[in-house]
$ cat input30.pdb   # PDB, C-alpha atoms
ATOM      1  CA  MET A  23       0.420   1.108   4.263
ATOM      2  CA  LEU A  24      -0.698   0.614   7.816
ATOM      3  CA  PHE A  25      -4.169  -0.334   6.585
ATOM      4  CA  CYS A  26      -3.024  -3.315   4.550
ATOM      5  CA  ASP A  27      -3.418  -7.031   5.208
ATOM      6  CA  SER A  28       0.146  -8.187   4.865
ATOM      7  CA  VAL A  29       0.615 -11.920   4.444
ATOM      8  CA  ASP A  30       4.010 -12.010   6.128
ATOM      9  CA  LYS A  31       3.183 -10.968   9.711
ATOM     10  CA  ALA A  32       6.830 -10.817  10.826
ATOM     11  CA  ALA A  33       7.780  -8.550   7.913
ATOM     12  CA  SER A  34       4.736  -6.400   8.623
ATOM     13  CA  ARG A  35       5.702  -6.005  12.282
ATOM     14  CA  LYS A  36       9.296  -5.152  11.345
ATOM     15  CA  TYR A  37       8.005  -2.478   8.956
ATOM     16  CA  ARG A  38       5.729  -0.933  11.607
ATOM     17  CA  VAL A  39       8.495  -0.880  14.214
ATOM     18  CA  ARG A  40      10.975   0.713  11.780
ATOM     19  CA  MET A  41       8.414   3.334  10.726
ATOM     20  CA  LEU A  42       7.379   4.162  14.299
ATOM     21  CA  VAL A  43      11.000   4.481  15.485
ATOM     22  CA  SER A  44      11.914   6.646  12.466
ATOM     23  CA  MET A  45       8.875   8.887  13.008
ATOM     24  CA  ALA A  46       9.477   9.212  16.760
ATOM     25  CA  ILE A  47      13.090  10.355  16.225
ATOM     26  CA  TYR A  48      11.869  12.646  13.427
ATOM     27  CA  VAL A  49       9.329  14.363  15.708
ATOM     28  CA  ALA A  50      11.970  14.830  18.440
ATOM     29  CA  LEU A  51      14.443  16.277  15.928
ATOM     30  CA  VAL A  52      11.822  18.673  14.483
ATOM     31  CA  TYR A  53      11.461  20.145  17.981
ATOM     32  CA  VAL A  54      15.257  20.365  18.491
ATOM     33  CA  SER A  55      15.780  21.859  15.032
ATOM     34  CA  VAL A  56      13.059  24.521  15.379
ATOM     35  CA  ARG A  57      14.278  25.588  18.837
ATOM     36  CA  TRP A  58      17.894  25.678  17.645
ATOM     37  CA  LEU A  59      17.047  27.806  14.614
ATOM     38  CA  GLU A  60      15.404  30.385  16.933
ATOM     39  CA  ARG A  61      18.931  31.160  18.161
ATOM     40  CA  GLN A  62      19.790  32.151  14.565
ATOM     41  CA  PRO A  63      22.926  30.056  13.984
ATOM     42  CA  ALA A  64      25.271  31.112  11.174
ATOM     43  CA  ALA A  65      25.486  29.597   7.686
ATOM     44  CA  PRO A  66      26.230  26.871   6.723
ATOM     45  CA  TRP A  67      25.210  25.329  10.072
ATOM     46  CA  LYS A  68      21.686  26.715   9.924
ATOM     47  CA  TYR A  69      20.989  24.693   6.767
ATOM     48  CA  LEU A  70      22.230  21.478   8.367
ATOM     49  CA  ILE A  71      20.163  22.158  11.510
ATOM     50  CA  ALA A  72      17.090  22.862   9.362
ATOM     51  CA  VAL A  73      17.296  19.505   7.527
ATOM     52  CA  MET A  74      18.408  17.530  10.594
ATOM     53  CA  PRO A  75      14.886  16.014  11.176
ATOM     54  CA  MET A  76      15.120  14.304   7.780
ATOM     55  CA  LEU A  77      18.048  12.087   8.849
ATOM     56  CA  PRO A  78      15.991   9.401  10.686
ATOM     57  CA  VAL A  79      13.467   9.205   7.819
ATOM     58  CA  LEU A  80      16.103   8.921   5.092
ATOM     59  CA  PHE A  81      15.451   5.197   4.695
ATOM     60  CA  VAL A  82      11.624   5.372   4.780
ATOM     61  CA  PRO A  83      11.374   5.025   0.963
ATOM     62  CA  VAL A  84      13.410   1.789   1.214
ATOM     63  CA  PHE A  85      11.162   0.490   4.031
ATOM     64  CA  VAL A  86       8.068   1.247   1.944
ATOM     65  CA  VAL A  87       9.414  -0.629  -1.107
ATOM     66  CA  GLN A  88      10.350  -3.609   1.112
ATOM     67  CA  PHE A  89       6.830  -3.559   2.568
ATOM     68  CA  LEU A  90       5.298  -3.586  -0.932
ATOM     69  CA  HIS A  91       7.429  -6.640  -1.770
ATOM     70  CA  ASN A  92       5.863  -8.483   1.172
ATOM     71  CA  LEU A  93       2.262  -7.832   0.119
ATOM     72  CA  ASP A  94       0.281 -10.405  -1.793
ATOM     73  CA  GLU A  95      -0.665  -9.699  -5.400
ATOM     74  CA  LEU A  96      -4.129  -8.225  -4.761
ATOM     75  CA  GLN A  97      -2.868  -5.978  -1.945
ATOM     76  CA  ARG A  98      -0.085  -4.794  -4.257
ATOM     77  CA  ARG A  99      -2.636  -3.945  -6.942
ATOM     78  CA  ILE A 100      -4.736  -2.033  -4.371
ATOM     79  CA  GLN A 101      -1.628  -0.068  -3.382
ATOM     80  CA  LEU A 102      -0.740   0.622  -7.031
ATOM     81  CA  GLU A 103      -4.227   1.971  -7.719
ATOM     82  CA  SER A 104      -4.363   4.083  -4.548
ATOM     83  CA  LEU A 105      -0.834   5.484  -4.958
ATOM     84  CA  GLY A 106      -1.527   6.159  -8.660
ATOM     85  CA  PHE A 107      -4.680   8.044  -7.712
ATOM     86  CA  ALA A 108      -2.834  10.002  -4.992
ATOM     87  CA  PHE A 109       0.031  10.856  -7.390
ATOM     88  CA  ALA A 110      -2.293  12.235 -10.083
ATOM     89  CA  ALA A 111      -4.692  13.978  -7.674
ATOM     90  CA  THR A 112      -1.778  15.676  -5.855
ATOM     91  CA  ALA A 113      -0.319  16.844  -9.178
ATOM     92  CA  LEU A 114      -3.726  18.228 -10.165
ATOM     93  CA  SER A 115      -4.387  20.034  -6.874
ATOM     94  CA  SER A 116      -0.854  21.438  -6.438
ATOM     95  CA  LEU A 117      -0.836  22.772 -10.017
ATOM     96  CA  THR A 118      -4.335  24.228  -9.595
ATOM     97  CA  TYR A 119      -3.320  26.025  -6.413
ATOM     98  CA  GLY A 120      -0.080  27.184  -8.070
ATOM     99  CA  PHE A 121      -2.134  28.870 -10.791
ATOM    100  CA  LEU A 122      -4.476  30.364  -8.187
ATOM    101  CA  GLU A 123      -1.401  31.891  -6.507
ATOM    102  CA  ASN A 124      -0.795  33.713  -9.807
ATOM    103  CA  ALA A 125      -4.240  35.243  -9.290
ATOM    104  CA  GLY A 126      -3.338  36.476  -5.821
ATOM    105  CA  LEU A 127      -4.085  33.652  -3.355
ATOM    106  CA  PRO A 128      -1.525  33.410  -0.516
ATOM    107  CA  HIS A 129       1.649  31.380  -1.061
ATOM    108  CA  LEU A 130       1.523  27.999   0.697
ATOM    109  CA  ASN A 131       4.500  26.167   2.185
ATOM    110  CA  TRP A 132       5.754  23.058   0.330
ATOM    111  CA  VAL A 133       5.264  20.948   3.482
ATOM    112  CA  TRP A 134       1.529  20.854   2.638
ATOM    113  CA  VAL A 135       2.144  18.652  -0.407
ATOM    114  CA  TRP A 136       2.730  15.495   1.660
ATOM    115  CA  PRO A 137      -0.429  15.750   3.859
ATOM    116  CA  VAL A 138      -2.498  16.394   0.720
ATOM    117  CA  MET A 139      -0.946  13.347  -0.959
ATOM    118  CA  GLY A 140      -1.557  11.283   2.186
ATOM    119  CA  ILE A 141      -5.244  12.213   2.227
ATOM    120  CA  PHE A 142      -5.624  11.313  -1.470
ATOM    121  CA  TRP A 143      -3.820   8.019  -0.807
ATOM    122  CA  ILE A 144      -6.301   7.126   1.957
ATOM    123  CA  ILE A 145      -9.246   8.062  -0.304
ATOM    124  CA  GLY A 146      -7.755   6.015  -3.171
ATOM    125  CA  MET A 147      -7.166   3.031  -0.895
ATOM    126  CA  ALA A 148     -10.697   3.101   0.528
ATOM    127  CA  SER A 149     -12.058   3.195  -3.014
ATOM    128  CA  ALA A 150      -9.780   0.339  -4.260
ATOM    129  CA  ARG A 151     -10.577  -1.820  -1.234
ATOM    130  CA  TRP A 152     -14.286  -1.228  -1.851
ATOM    131  CA  ARG A 153     -13.939  -2.350  -5.484
ATOM    132  CA  TYR A 154     -12.229  -5.635  -4.490
ATOM    133  CA  ARG A 155     -14.275  -6.243  -1.314
TER     134      ARG A 155
ATOM    135  CA  MET B  25     -12.912 -15.149 -14.871
ATOM    136  CA  LYS B  26     -15.297 -17.853 -13.662
ATOM    137  CA  ASN B  27     -13.923 -20.263 -11.104
ATOM    138  CA  ARG B  28     -14.956 -23.036  -8.732
ATOM    139  CA  LEU B  29     -12.962 -21.836  -5.746
ATOM    140  CA  ARG B  30     -15.924 -21.271  -3.409
ATOM    141  CA  GLU B  31     -17.347 -24.687  -4.280
ATOM    142  CA  LEU B  32     -14.001 -26.474  -3.815
ATOM    143  CA  ARG B  33     -13.381 -24.680  -0.533
ATOM    144  CA  ALA B  34     -16.881 -25.594   0.717
ATOM    145  CA  ASP B  35     -16.250 -29.277  -0.149
ATOM    146  CA  ARG B  36     -13.291 -29.256   2.239
ATOM    147  CA  GLN B  37     -15.116 -27.116   4.801
ATOM    148  CA  TRP B  38     -12.329 -24.562   4.871
ATOM    149  CA  SER B  39     -12.928 -20.932   5.781
ATOM    150  CA  GLN B  40     -11.580 -18.211   3.491
ATOM    151  CA  ALA B  41      -8.942 -17.483   6.131
ATOM    152  CA  GLU B  42      -7.804 -21.125   6.234
ATOM    153  CA  LEU B  43      -7.504 -21.303   2.458
ATOM    154  CA  ALA B  44      -5.690 -17.937   2.421
ATOM    155  CA  LYS B  45      -3.142 -19.247   4.926
ATOM    156  CA  GLN B  46      -2.431 -22.337   2.857
ATOM    157  CA  LEU B  47      -1.965 -20.272  -0.286
ATOM    158  CA  GLU B  48       0.035 -17.570   1.541
ATOM    159  CA  VAL B  49      -2.265 -14.758   0.437
ATOM    160  CA  SER B  50      -4.647 -12.464   2.328
ATOM    161  CA  ARG B  51      -8.265 -13.438   3.041
ATOM    162  CA  GLN B  52      -9.371 -10.482   0.935
ATOM    163  CA  THR B  53      -7.586 -11.999  -2.068
ATOM    164  CA  ILE B  54      -9.506 -15.278  -1.683
ATOM    165  CA  ASN B  55     -12.765 -13.353  -1.393
ATOM    166  CA  ALA B  56     -12.008 -11.216  -4.465
ATOM    167  CA  ILE B  57     -11.194 -14.337  -6.533
ATOM    168  CA  GLU B  58     -14.368 -16.106  -5.357
ATOM    169  CA  THR B  59     -16.545 -13.106  -6.194
ATOM    170  CA  GLU B  60     -14.740 -12.859  -9.566
ATOM    171  CA  LYS B  61     -13.597  -9.307  -8.926
ATOM    172  CA  TYR B  62      -9.959 -10.273  -9.258
ATOM    173  CA  ASP B  63      -8.228 -12.756 -11.578
ATOM    174  CA  PRO B  64      -5.212 -14.349  -9.883
ATOM    175  CA  SER B  65      -1.751 -14.379 -11.423
ATOM    176  CA  LEU B  66      -0.685 -17.579 -13.205
ATOM    177  CA  PRO B  67       1.604 -18.698 -10.316
ATOM    178  CA  LEU B  68      -1.241 -18.244  -7.795
ATOM    179  CA  ALA B  69      -3.721 -20.035 -10.084
ATOM    180  CA  PHE B  70      -1.273 -22.970 -10.311
ATOM    181  CA  ARG B  71      -0.895 -23.027  -6.517
ATOM    182  CA  VAL B  72      -4.706 -23.151  -6.164
ATOM    183  CA  ALA B  73      -4.998 -26.027  -8.657
ATOM    184  CA  ARG B  74      -2.137 -27.936  -6.996
ATOM    185  CA  LEU B  75      -3.699 -27.522  -3.551
ATOM    186  CA  PHE B  76      -6.947 -29.103  -4.741
ATOM    187  CA  ALA B  77      -5.062 -31.717  -6.839
ATOM    188  CA  LEU B  78      -6.766 -30.502 -10.004
ATOM    189  CA  LYS B  79      -5.722 -29.100 -13.367
ATOM    190  CA  ILE B  80      -5.795 -25.297 -13.648
ATOM    191  CA  GLU B  81      -8.648 -25.461 -16.204
ATOM    192  CA  ASP B  82     -10.710 -27.551 -13.774
ATOM    193  CA  VAL B  83     -10.673 -24.624 -11.338
ATOM    194  CA  PHE B  84     -10.653 -21.591 -13.645
ATOM    195  CA  GLU B  85     -12.686 -21.092 -16.783
ATOM    196  CA  ASP B  86     -11.575 -18.541 -19.351
ATOM    197  CA  THR B  87     -14.875 -17.151 -20.571
ATOM    198  CA  ASN B  88     -13.866 -14.181 -22.696
ATOM    199  CA  GLY B  89     -10.165 -14.460 -23.474
ATOM    200  CA  VAL B  90      -8.642 -14.712 -26.948
ATOM    201  CA  GLY B  91      -8.948 -18.282 -28.219
ATOM    202  CA  SER B  92     -11.520 -19.276 -25.592
ATOM    203  CA  LYS B  93     -14.335 -21.590 -26.652
TER     204      LYS B  93
END
$ encode --input "input30.pdb" --output "structure tokens"
Amino acid sequence: MLFCDSVDKAASRKYRVRMLVSMAIYVALVYVSVRWLERQPAAPWKYLIAVMPMLPVLFVPVFVVQFLHNLDELQRRIQLESLGFAFAATALSSLTYGFLENAGLPHLNWVWVWPVMGIFWIIGMASARWRYR
Amino acid sequence: MKNRLRELRADRQWSQAELAKQLEVSRQTINAIETEKYDPSLPLAFRVARLFALKIEDVFEDTNGVGSK
């Protein structure tokens, strides 16, 4: 969403600040969580420590929806088309790799799903922006 | 959909960015409407017509819709 021309500049700035703050705390907590887990804490604490980095990004979906509300109608259509493309392309690639795992390819961590979706989103957005240029 | 937006904007010597600001949309939206790659929503089409003090059908021409001439 950082590549979008938002009409409401104040709302756009608020969104960027919220996202940057959330991500900065997230990165710091990933470091704390990983180091803490090396000390092998007992259950159930280890589960709470493992998901601790997700706390500051809990409201990111709400921020994203608010940002979409502040876009103008063409920008919203561009986002719909790019997110739709990313959704379908991620489903296709994750299922394909899942089947390839059945054939013996190494098991991949779930955390790879988001970067893959992000890349497809950027590709979809570049393509949609090109169509409406 | 055909429209006279570029012509009307040129008459007033407004840039795409100036028109976009008045209509509270992005410059890309104005460009996409002018190049007929995007048809605006009815509320936006009404805002455009009102800004130029024209009727909606004096700005936009429905060339292939149901019931069009």
$ interface_residues --input "input30.pdb" --of "chain A" --to "chain B" --cutoff "12 Å" --atoms "all atoms listed in the file" --output "list in words"
Cys26, Asp27, Ser28, Val29, Asp30, Lys31, Asn92, Leu93, Asp94, Glu95, Leu96, Gln97, Arg98, Arg99, Ile100, Ala150, Arg151, Trp152, Arg153, Tyr154 and Arg155 of chain A
$ resolve_selection --input "input30.pdb" --expression "the PyMOL selection byres ((chain A and resi 76-83) around 7)" --output "VMD selection string"
chain A and resid 44 to 45 47 to 48 73 to 75 84 to 87
$ resolve_selection --input "input30.pdb" --expression "the PyMOL selection byres ((chain B and resi 31) around 12)" --output "list in words"
Lys26, Asn27, Arg28, Leu29, Arg30, Leu32, Arg33, Ala34, Asp35, Arg36, Gln37, Trp38, Ser39, Gln40, Glu58, Thr59, Phe76, Asp82, Val83 and Phe84 of chain B
$ atom_distance --input "input30.pdb" --atom1 "CA of Ser55 (chain A)" --atom2 "CA of Tyr69 (chain A)"
10.2 Å
$ atom_distance --input "input30.pdb" --atom1 "CA of Trp143 (chain A)" --atom2 "CA of Pro128 (chain A)"
25.5 Å
$ closest_residue --input "input30.pdb" --among "A:His129, A:Asn124, A:Gly146, A:Phe89" --to "Gly106 (chain A)" --atoms "only C-alpha atoms"
A:Gly146
$ atom_distance --input "input30.pdb" --atom1 "CA of Trp136 (chain A)" --atom2 "CA of Leu59 (chain A)"
22.9 Å
$ resolve_selection --input "input30.pdb" --expression "the PyMOL selection byres ((chain A and resi 105) around 10)" --output "list in words"
Arg99, Ile100, Gln101, Leu102, Glu103, Ser104, Gly106, Phe107, Ala108, Phe109, Ala110, Ala111, Met139, Gly140, Phe142, Trp143, Ile144, Ile145, Gly146 and Met147 of chain A
$ residues_around --input "input30.pdb" --residues "Trp132 (chain A)" --least-positions-apart "5" --cutoff "12 Å" --atoms "only C-alpha atoms" --output "number ranges by chain"
A: 116, 119-120, 137-139
$ axis_aligned_box --input "input30.pdb" --around "region 97-116 of chain A" --padding-each-side "3 Å" --output "lines of an AutoDock Vina configuration file"
center_x = -2.4
center_y = 7.7
center_z = -6.1
size_x = 10.8
size_y = 33.4
size_z = 14.2
$ closest_residue --input "input30.pdb" --among "A:Trp67, A:Phe121, A:Tyr37, A:Trp134" --to "Leu90 (chain A)" --atoms "all atoms listed in the file"
A:Tyr37
$ decode --input "input30.pdb" --residues "region 59-73 of chain A" --atoms "N, CA and C atoms" --output "tab-separated table (two decimals), in the first residue's frame"
chain	number	residue	atom	x	y	z
A	59	LEU	N	13.92	-17.84	23.51
A	59	LEU	CA	13.59	-19.25	23.26
A	59	LEU	C	14.85	-20.14	23.27
A	60	GLU	N	16.03	-19.52	23.01
A	60	GLU	CA	17.29	-20.29	23.06
A	60	GLU	C	17.55	-20.82	24.47
A	61	ARG	N	16.97	-20.13	25.46
A	61	ARG	CA	17.15	-20.57	26.86
A	61	ARG	C	16.18	-21.70	27.25
A	62	GLN	N	15.38	-22.13	26.26
A	62	GLN	CA	14.43	-23.23	26.40
A	62	GLN	C	13.51	-23.09	27.61
A	63	PRO	N	12.68	-22.03	27.61
A	63	PRO	CA	11.71	-21.86	28.70
A	63	PRO	C	10.66	-22.98	28.68
A	64	ALA	N	10.01	-23.19	29.81
A	64	ALA	CA	9.03	-24.28	29.91
A	64	ALA	C	7.69	-23.88	29.29
A	65	ALA	N	6.88	-24.91	28.97
A	65	ALA	CA	5.50	-24.66	28.52
A	65	ALA	C	4.69	-24.21	29.73
A	66	PRO	N	3.69	-23.36	29.65
A	66	PRO	CA	3.18	-22.79	28.40
A	66	PRO	C	3.88	-21.51	28.00
A	67	TRP	N	4.86	-21.05	28.80
A	67	TRP	CA	5.51	-19.76	28.53
A	67	TRP	C	6.19	-19.73	27.17
A	68	LYS	N	6.77	-20.86	26.76
A	68	LYS	CA	7.49	-20.84	25.49
A	68	LYS	C	6.59	-20.49	24.31
A	69	TYR	N	5.30	-20.88	24.42
A	69	TYR	CA	4.37	-20.56	23.32
A	69	TYR	C	4.07	-19.06	23.29
A	70	LEU	N	3.90	-18.50	24.48
A	70	LEU	CA	3.63	-17.05	24.57
A	70	LEU	C	4.83	-16.25	24.07
A	71	ILE	N	6.03	-16.71	24.45
A	71	ILE	CA	7.26	-16.01	24.01
A	71	ILE	C	7.40	-16.11	22.48
A	72	ALA	N	7.04	-17.27	21.95
A	72	ALA	CA	7.17	-17.48	20.49
A	72	ALA	C	6.25	-16.54	19.70
A	73	VAL	N	5.03	-16.30	20.21
A	73	VAL	CA	4.09	-15.45	19.45
A	73	VAL	C	4.15	-13.98	19.88
